[in-house]
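Participant: Below is the file run-v2.csv, with CSV, C-alpha atoms and all ligand atoms.
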chain,number,residue,atom,x,y,z
A,1,MET,CA,-15.2,-6.0,-25.1
A,2,SER,CA,-12.5,-4.6,-22.8
A,3,GLY,CA,-12.6,-7.9,-20.9
A,4,VAL,CA,-10.6,-9.7,-23.6
A,5,ASP,CA,-7.9,-7.1,-24.3
A,6,ARG,CA,-4.5,-8.7,-23.8
A,7,ILE,CA,-2.7,-7.7,-20.7
A,8,GLU,CA,0.6,-5.9,-21.2
A,9,THR,CA,0.9,-4.2,-17.7
A,10,VAL,CA,0.1,-5.5,-14.3
A,11,VAL,CA,0.0,-3.1,-11.3
A,12,PHE,CA,0.1,-4.6,-7.8
A,13,ASP,CA,-1.2,-3.3,-4.5
A,14,TRP,CA,1.2,-4.0,-1.7
A,15,GLY,CA,-0.5,-4.6,1.7
A,16,GLY,CA,-2.4,-7.9,1.6
A,17,THR,CA,-1.5,-8.5,-2.1
A,18,LEU,CA,2.2,-8.8,-2.6
A,19,SER,CA,2.7,-8.7,1.2
A,20,ILE,CA,0.8,-10.7,3.9
A,21,TRP,CA,-1.1,-8.8,6.6
A,22,ALA,CA,0.8,-9.1,9.8
A,23,GLU,CA,-1.0,-10.4,12.9
A,24,VAL,CA,-0.1,-7.4,15.1
A,25,GLU,CA,-1.8,-5.1,17.5
A,26,VAL,CA,-1.6,-1.5,16.3
A,27,VAL,CA,-1.1,-0.4,19.9
A,28,ASP,CA,2.1,-2.5,20.1
A,29,MET,CA,3.4,-1.0,16.8
A,30,TRP,CA,3.3,2.5,18.2
A,31,ARG,CA,4.7,1.8,21.7
A,32,LEU,CA,8.4,2.3,20.9
A,33,ALA,CA,7.9,5.5,18.9
A,34,ALA,CA,5.6,6.9,21.6
A,35,THR,CA,8.1,6.0,24.4
A,36,HIS,CA,10.8,8.0,22.6
A,37,ILE,CA,8.6,11.1,22.1
A,38,ALA,CA,7.4,10.8,25.7
A,39,GLU,CA,10.9,10.6,27.0
A,40,GLN,CA,12.0,13.7,25.0
A,41,THR,CA,9.0,15.8,25.8
A,42,GLY,CA,7.7,14.7,29.2
A,43,ALA,CA,4.3,13.7,27.7
A,44,GLY,CA,2.4,10.7,28.9
A,45,CYS,CA,3.3,7.6,27.0
A,46,ASP,CA,0.0,5.7,27.2
A,47,GLU,CA,-2.0,8.8,26.2
A,48,LEU,CA,0.3,9.3,23.2
A,49,VAL,CA,0.0,5.6,22.1
A,50,ALA,CA,-3.8,5.8,22.2
A,51,ARG,CA,-3.8,9.1,20.3
A,52,LEU,CA,-1.4,7.8,17.6
A,53,VAL,CA,-3.6,4.7,17.1
A,54,GLU,CA,-6.7,7.0,16.8
A,55,VAL,CA,-5.1,9.5,14.4
A,56,GLU,CA,-3.7,6.7,12.2
A,57,GLY,CA,-7.2,5.1,12.0
A,58,ARG,CA,-8.9,8.4,11.3
A,59,MET,CA,-6.4,9.3,8.5
A,60,TRP,CA,-6.8,6.0,6.8
A,61,GLU,CA,-10.6,6.2,7.0
A,62,GLU,CA,-10.7,9.8,5.6
A,63,GLY,CA,-8.0,9.2,3.0
A,64,THR,CA,-9.5,6.1,1.4
A,65,THR,CA,-13.2,7.0,1.6
A,66,ARG,CA,-13.6,10.8,1.8
A,67,ASP,CA,-10.9,13.2,0.7
A,68,PHE,CA,-8.4,10.8,-0.9
A,69,ARG,CA,-5.5,12.9,0.3
A,70,SER,CA,-2.4,11.0,1.1
A,71,PHE,CA,-0.6,11.4,4.4
A,72,THR,CA,2.7,10.4,5.9
A,73,LEU,CA,4.0,8.8,9.1
A,74,SER,CA,5.4,12.1,10.1
A,75,GLU,CA,2.0,13.7,9.7
A,76,ILE,CA,0.4,11.1,12.0
A,77,MET,CA,2.9,11.8,14.7
A,78,GLN,CA,2.7,15.6,14.3
A,79,THR,CA,-1.1,15.5,14.4
A,80,ALA,CA,-1.2,13.3,17.5
A,81,SER,CA,1.3,15.4,19.3
A,82,ARG,CA,-0.4,18.7,18.3
A,83,GLU,CA,-3.8,17.4,19.5
A,84,LEU,CA,-2.3,16.5,22.9
A,85,GLY,CA,-0.6,19.9,23.0
A,86,ILE,CA,2.9,18.4,22.8
A,87,ASP,CA,5.7,20.4,21.1
A,88,VAL,CA,7.9,17.8,19.3
A,89,ALA,CA,11.2,18.7,17.5
A,90,GLU,CA,11.6,17.4,14.0
A,91,ALA,CA,14.7,15.4,15.0
A,92,VAL,CA,12.6,13.6,17.7
A,93,LEU,CA,10.0,12.7,15.2
A,94,GLU,CA,12.7,11.3,12.9
A,95,GLU,CA,14.1,9.2,15.7
A,96,ALA,CA,10.6,8.0,16.6
A,97,ALA,CA,10.0,7.0,13.0
A,98,LEU,CA,13.1,4.8,13.1
A,99,HIS,CA,11.7,3.1,16.3
A,100,HIS,CA,8.4,2.6,14.5
A,101,LEU,CA,10.3,0.9,11.6
A,102,ASP,CA,12.3,-1.3,14.0
A,103,THR,CA,9.0,-2.4,15.5
A,104,TRP,CA,7.5,-3.3,12.1
A,105,THR,CA,10.5,-4.9,10.5
A,106,PRO,CA,10.1,-8.5,11.8
A,107,HIS,CA,6.4,-8.4,10.9
A,108,VAL,CA,6.8,-7.4,7.2
A,109,ARG,CA,6.5,-10.5,5.1
A,110,HIS,CA,5.9,-11.0,1.4
A,111,ASP,CA,3.6,-13.6,-0.1
A,112,PRO,CA,5.8,-16.7,-0.6
A,113,GLU,CA,4.6,-16.9,-4.2
A,114,ALA,CA,5.3,-13.2,-5.0
A,115,VAL,CA,8.8,-13.6,-6.4
A,116,GLU,CA,7.9,-16.5,-8.7
A,117,THR,CA,4.8,-14.7,-9.9
A,118,LEU,CA,6.7,-11.4,-10.6
A,119,ALA,CA,9.5,-13.4,-12.4
A,120,GLY,CA,6.9,-15.2,-14.5
A,121,LEU,CA,5.2,-12.0,-15.6
A,122,HIS,CA,8.6,-10.4,-16.3
A,123,GLU,CA,9.6,-13.4,-18.5
A,124,ARG,CA,6.4,-12.9,-20.5
A,125,GLY,CA,7.4,-9.3,-21.2
A,126,ILE,CA,4.8,-7.8,-18.9
A,127,ARG,CA,5.4,-4.3,-17.5
A,128,ILE,CA,5.1,-4.5,-13.7
A,129,GLY,CA,4.0,-1.7,-11.4
A,130,LEU,CA,3.4,-1.3,-7.7
A,131,LEU,CA,0.8,1.2,-6.4
A,132,SER,CA,0.5,1.3,-2.7
A,133,ASN,CA,-1.6,3.4,-0.2
A,134,THR,CA,0.9,3.9,2.5
A,135,HIS,CA,2.1,6.4,5.1
A,136,TRP,CA,5.5,4.8,5.2
A,137,PRO,CA,8.3,6.5,3.4
A,138,GLU,CA,9.5,5.2,0.0
A,139,ALA,CA,12.9,4.1,1.4
A,140,TRP,CA,11.2,1.7,3.9
A,141,HIS,CA,9.3,0.0,1.2
A,142,GLU,CA,12.3,-0.2,-1.1
A,143,HIS,CA,14.3,-1.8,1.7
A,144,PHE,CA,11.7,-4.6,2.1
A,145,LEU,CA,11.3,-5.2,-1.6
A,146,GLU,CA,15.1,-5.5,-1.9
A,147,ARG,CA,15.4,-7.7,1.2
A,148,ASP,CA,12.9,-10.2,-0.2
A,149,GLY,CA,14.0,-10.2,-3.9
A,150,LEU,CA,10.9,-8.5,-5.4
A,151,ALA,CA,12.6,-5.2,-6.4
A,152,PRO,CA,14.3,-6.3,-9.6
A,153,PHE,CA,11.0,-7.3,-11.2
A,154,ILE,CA,9.0,-4.2,-10.5
A,155,ASP,CA,9.6,-1.5,-13.1
A,156,VAL,CA,7.7,1.4,-11.4
A,157,ARG,CA,6.8,1.9,-7.8
A,158,VAL,CA,4.2,4.5,-6.7
A,159,TYR,CA,3.7,5.2,-3.0
A,160,SER,CA,0.9,7.4,-1.9
A,161,SER,CA,3.1,8.9,0.9
A,162,GLU,CA,5.2,10.5,-1.9
A,163,GLU,CA,2.2,11.8,-3.8
A,164,GLU,CA,-0.7,14.0,-3.3
A,165,HIS,CA,-3.5,11.5,-3.6
A,166,MET,CA,-4.2,7.9,-2.5
A,167,LYS,CA,-6.3,5.1,-4.1
A,168,PRO,CA,-9.1,5.1,-5.2
A,169,HIS,CA,-8.5,8.7,-6.5
A,170,PRO,CA,-8.0,8.4,-10.3
A,171,ARG,CA,-5.0,10.7,-10.4
A,172,ILE,CA,-2.7,8.2,-8.6
A,173,PHE,CA,-3.7,5.4,-11.0
A,174,GLU,CA,-3.0,7.7,-14.0
A,175,LEU,CA,0.3,8.6,-12.5
A,176,ALA,CA,1.3,4.9,-12.3
A,177,LEU,CA,0.1,4.3,-15.9
A,178,GLU,CA,2.1,7.3,-17.1
A,179,ARG,CA,5.3,6.1,-15.4
A,180,LEU,CA,4.7,2.7,-16.8
A,181,ASP,CA,4.1,4.2,-20.3
A,182,SER,CA,0.9,2.1,-20.4
A,183,GLY,CA,-2.6,2.8,-21.5
A,184,PRO,CA,-5.4,1.7,-19.2
A,185,ARG,CA,-7.0,-0.9,-21.5
A,186,SER,CA,-4.0,-3.2,-21.6
A,187,ALA,CA,-3.4,-2.8,-17.8
A,188,VAL,CA,-4.8,-4.6,-14.8
A,189,MET,CA,-4.7,-3.7,-11.2
A,190,VAL,CA,-4.4,-6.5,-8.6
A,191,GLY,CA,-5.5,-5.8,-5.1
A,192,ASP,CA,-7.3,-7.1,-2.0
A,193,ARG,CA,-9.6,-4.1,-1.5
A,194,GLN,CA,-12.5,-3.7,-3.9
A,195,LEU,CA,-12.9,0.0,-3.3
A,196,ASP,CA,-9.3,1.2,-3.4
A,197,ASP,CA,-7.9,-1.3,-5.9
A,198,VAL,CA,-10.7,-2.7,-8.1
A,199,LYS,CA,-13.1,0.2,-8.4
A,200,GLY,CA,-10.3,2.7,-8.4
A,201,ALA,CA,-8.7,1.0,-11.4
A,202,GLN,CA,-12.0,0.5,-13.2
A,203,GLN,CA,-12.7,4.3,-12.9
A,204,VAL,CA,-9.7,5.0,-15.1
A,205,GLY,CA,-10.4,2.2,-17.6
A,206,MET,CA,-8.1,-0.4,-16.2
A,207,ARG,CA,-9.4,-3.9,-15.3
A,208,GLY,CA,-9.5,-4.8,-11.7
A,209,VAL,CA,-8.4,-8.2,-10.3
A,210,TRP,CA,-9.5,-8.9,-6.8
A,211,LYS,CA,-7.2,-11.0,-4.7
A,212,HIS,CA,-9.0,-13.0,-2.0
A,213,THR,CA,-7.3,-13.0,1.3
A,214,ARG,CA,-8.7,-13.6,4.8
A,215,LEU,CA,-8.9,-9.9,5.3
A,216,ALA,CA,-9.8,-8.9,1.7
A,217,LYS,CA,-12.3,-6.1,1.7
A,218,GLN,CA,-15.5,-6.3,-0.4
A,219,TRP,CA,-17.4,-3.2,-1.3
A,220,PRO,CA,-21.1,-2.9,-2.3
A,221,GLY,CA,-21.6,-2.6,-6.0
A,222,VAL,CA,-18.1,-3.4,-7.1
A,223,GLU,CA,-17.7,-6.2,-9.7
A,224,PRO,CA,-14.1,-7.3,-10.2
A,225,ASP,CA,-13.2,-8.2,-13.8
A,226,PHE,CA,-11.2,-11.2,-12.5
A,227,GLU,CA,-10.6,-12.8,-9.1
A,228,VAL,CA,-7.6,-14.8,-7.9
A,229,GLN,CA,-7.0,-16.8,-4.8
A,230,ARG,CA,-3.2,-17.0,-5.3
A,231,LEU,CA,-0.8,-14.8,-7.1
A,232,PRO,CA,0.5,-17.4,-9.6
A,233,GLU,CA,-3.1,-17.5,-11.1
A,234,LEU,CA,-2.2,-14.2,-12.7
A,235,LEU,CA,0.2,-16.1,-15.0
A,236,ASP,CA,-2.7,-18.2,-16.3
A,237,LEU,CA,-4.8,-15.1,-16.7
A,238,VAL,CA,-2.1,-13.3,-18.8
A,239,ASP,CA,-1.6,-16.5,-20.9
A,240,ARG,CA,-5.4,-16.9,-21.5
A,241,LEU,CA,-5.8,-13.4,-22.8
A,242,ARG,CA,-2.9,-13.5,-25.2
B,301,MG,MG,-4.1,-4.0,0.1
If you took the structure in this file and wrote it as structure tokens, what would it be?

Facilitator:
Amino acid sequence: MSGVDRIETVVFDWGGTLSIWAEVEVVDMWRLAATHIAEQTGAGCDELVARLVEVEGRMWEEGTTRDFRSFTLSEIMQTASRELGIDVAEAVLEEAALHHLDTWTPHVRHDPEAVETLAGLHERGIRIGLLSNTHWPEAWHEHFLERDGLAPFIDVRVYSSEEEHMKPHPRIFELALERLDSGPRSAVMVGDRQLDDVKGAQQVGMRGVWKHTRLAKQWPGVEPDFEVQRLPELLDLVDRLR
């Protein structure tokens, strides 16, 4: 009866779960970075933007459904440049990454109920983790968590960009649990994607909580242990299973 084990650890996904998906065009997100690389190398900007979008999409698709290998922002830019035959210096890539961050910054927003939910879980003595599939560097995420007041409540943060694998590979869930000093049966994973978050968690013996959002991704054959519409419902769930 794993469904009634009390909850001692809650691990959150970030995109679409603690944060709100931004209404942006991916093409616009790459424009500044591509302009910088184009200026420094003489490459065609539009061609570069299109290739960056294509490579990013491909890496996400492969990473989350086929090889579960993580990747980084730098690797997206390196791959796109290499495929176009452009030789880009490391320093140029680093500057382009900063432009990419500048572009994203105004669009990064956390769920308005995230802080109160994290605070409520913290008050109840729950260990809190973050497990994010991301190509952004750790420092960017930490900046946004600090900016919006989430950071003090999250005991352990695991970013796929800093690790070998990404969700739903079991290893990255195990890593999060190890760092949280938690066993799987007393832990739940909360996420908006049924494959990466819910099924991934269930594969290592955690329970999976599916958070409904407008863009939440269902996956055939996945049965979440619990479902929530809003983050504060997690407090009721924890109280109910005490
Ligand atoms: Mg997500």

Participant: From the set A:Leu180, A:Pro106, A:Ile126, A:Leu84, which residue has the shortest atom-to-atom contact distance to Gly42 (chain A), counting all atoms listed in the file?

Facilitator: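 Of A:Leu180, A:Pro106, A:Ile126, A:Leu84, the one nearest Gly42 (chain A), counting all atoms listed in the file, is A:Leu84.
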
Participant: Between CA of Val49 (chain A) and CA of Thr79 (chain A), what distance in Å does the model show, to one decimal?

Facilitator: 12.6 Å

Participant: From the options A:Leu131, A:His165, A:Leu231, A:Arg124, which residue's atoms come nearest to Glu8 (chain A), counting all atoms listed in the file?

Facilitator: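 Answer, going by the shortest atom-to-atom distance: A:Arg124.
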
Participant: Which residues, written as a PDB file with C-alpha atoms, in the frame of the given file, have at least one atom at most 12 Å from Ala187 (chain A), with only C-alpha atoms counted and residues fewer than 3 positions away on the same chain left out?

Facilitator:
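Written output follows (selection-v3.pdb):
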ATOM      1  CA  SER A   2     -12.500  -4.600 -22.800  1.00  0.00           C
ATOM      2  CA  GLY A   3     -12.600  -7.900 -20.900  1.00  0.00           C
ATOM      3  CA  VAL A   4     -10.600  -9.700 -23.600  1.00  0.00           C
ATOM      4  CA  ASP A   5      -7.900  -7.100 -24.300  1.00  0.00           C
ATOM      5  CA  ARG A   6      -4.500  -8.700 -23.800  1.00  0.00           C
ATOM      6  CA  ILE A   7      -2.700  -7.700 -20.700  1.00  0.00           C
ATOM      7  CA  GLU A   8       0.600  -5.900 -21.200  1.00  0.00           C
ATOM      8  CA  THR A   9       0.900  -4.200 -17.700  1.00  0.00           C
ATOM      9  CA  VAL A  10       0.100  -5.500 -14.300  1.00  0.00           C
ATOM     10  CA  VAL A  11       0.000  -3.100 -11.300  1.00  0.00           C
ATOM     11  CA  PHE A  12       0.100  -4.600  -7.800  1.00  0.00           C
ATOM     12  CA  ILE A 126       4.800  -7.800 -18.900  1.00  0.00           C
ATOM     13  CA  ARG A 127       5.400  -4.300 -17.500  1.00  0.00           C
ATOM     14  CA  ILE A 128       5.100  -4.500 -13.700  1.00  0.00           C
ATOM     15  CA  GLY A 129       4.000  -1.700 -11.400  1.00  0.00           C
ATOM     16  CA  PHE A 173      -3.700   5.400 -11.000  1.00  0.00           C
ATOM     17  CA  GLU A 174      -3.000   7.700 -14.000  1.00  0.00           C
ATOM     18  CA  ALA A 176       1.300   4.900 -12.300  1.00  0.00           C
ATOM     19  CA  LEU A 177       0.100   4.300 -15.900  1.00  0.00           C
ATOM     20  CA  GLU A 178       2.100   7.300 -17.100  1.00  0.00           C
ATOM     21  CA  LEU A 180       4.700   2.700 -16.800  1.00  0.00           C
ATOM     22  CA  ASP A 181       4.100   4.200 -20.300  1.00  0.00           C
ATOM     23  CA  SER A 182       0.900   2.100 -20.400  1.00  0.00           C
ATOM     24  CA  GLY A 183      -2.600   2.800 -21.500  1.00  0.00           C
ATOM     25  CA  PRO A 184      -5.400   1.700 -19.200  1.00  0.00           C
ATOM     26  CA  VAL A 190      -4.400  -6.500  -8.600  1.00  0.00           C
ATOM     27  CA  ALA A 201      -8.700   1.000 -11.400  1.00  0.00           C
ATOM     28  CA  GLN A 202     -12.000   0.500 -13.200  1.00  0.00           C
ATOM     29  CA  VAL A 204      -9.700   5.000 -15.100  1.00  0.00           C
ATOM     30  CA  GLY A 205     -10.400   2.200 -17.600  1.00  0.00           C
ATOM     31  CA  MET A 206      -8.100  -0.400 -16.200  1.00  0.00           C
ATOM     32  CA  ARG A 207      -9.400  -3.900 -15.300  1.00  0.00           C
ATOM     33  CA  GLY A 208      -9.500  -4.800 -11.700  1.00  0.00           C
ATOM     34  CA  VAL A 209      -8.400  -8.200 -10.300  1.00  0.00           C
ATOM     35  CA  ASP A 225     -13.200  -8.200 -13.800  1.00  0.00           C
ATOM     36  CA  VAL A 238      -2.100 -13.300 -18.800  1.00  0.00           C
ATOM     37  CA  LEU A 241      -5.800 -13.400 -22.800  1.00  0.00           C
TER      38      LEU A 241
END

Participant: Within 10 Å of Leu235 (chain A), counting all atoms listed in the file, which residues qualify if same-chain residues fewer than 3 places away don't, as a list in words?

Facilitator: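 Skipping anything fewer than 3 positions along the chain leaves Glu116, Thr117, Leu118, Gly120, Leu121, Arg124, Leu231, Pro232, Val238, Asp239 and Arg240 of chain A.
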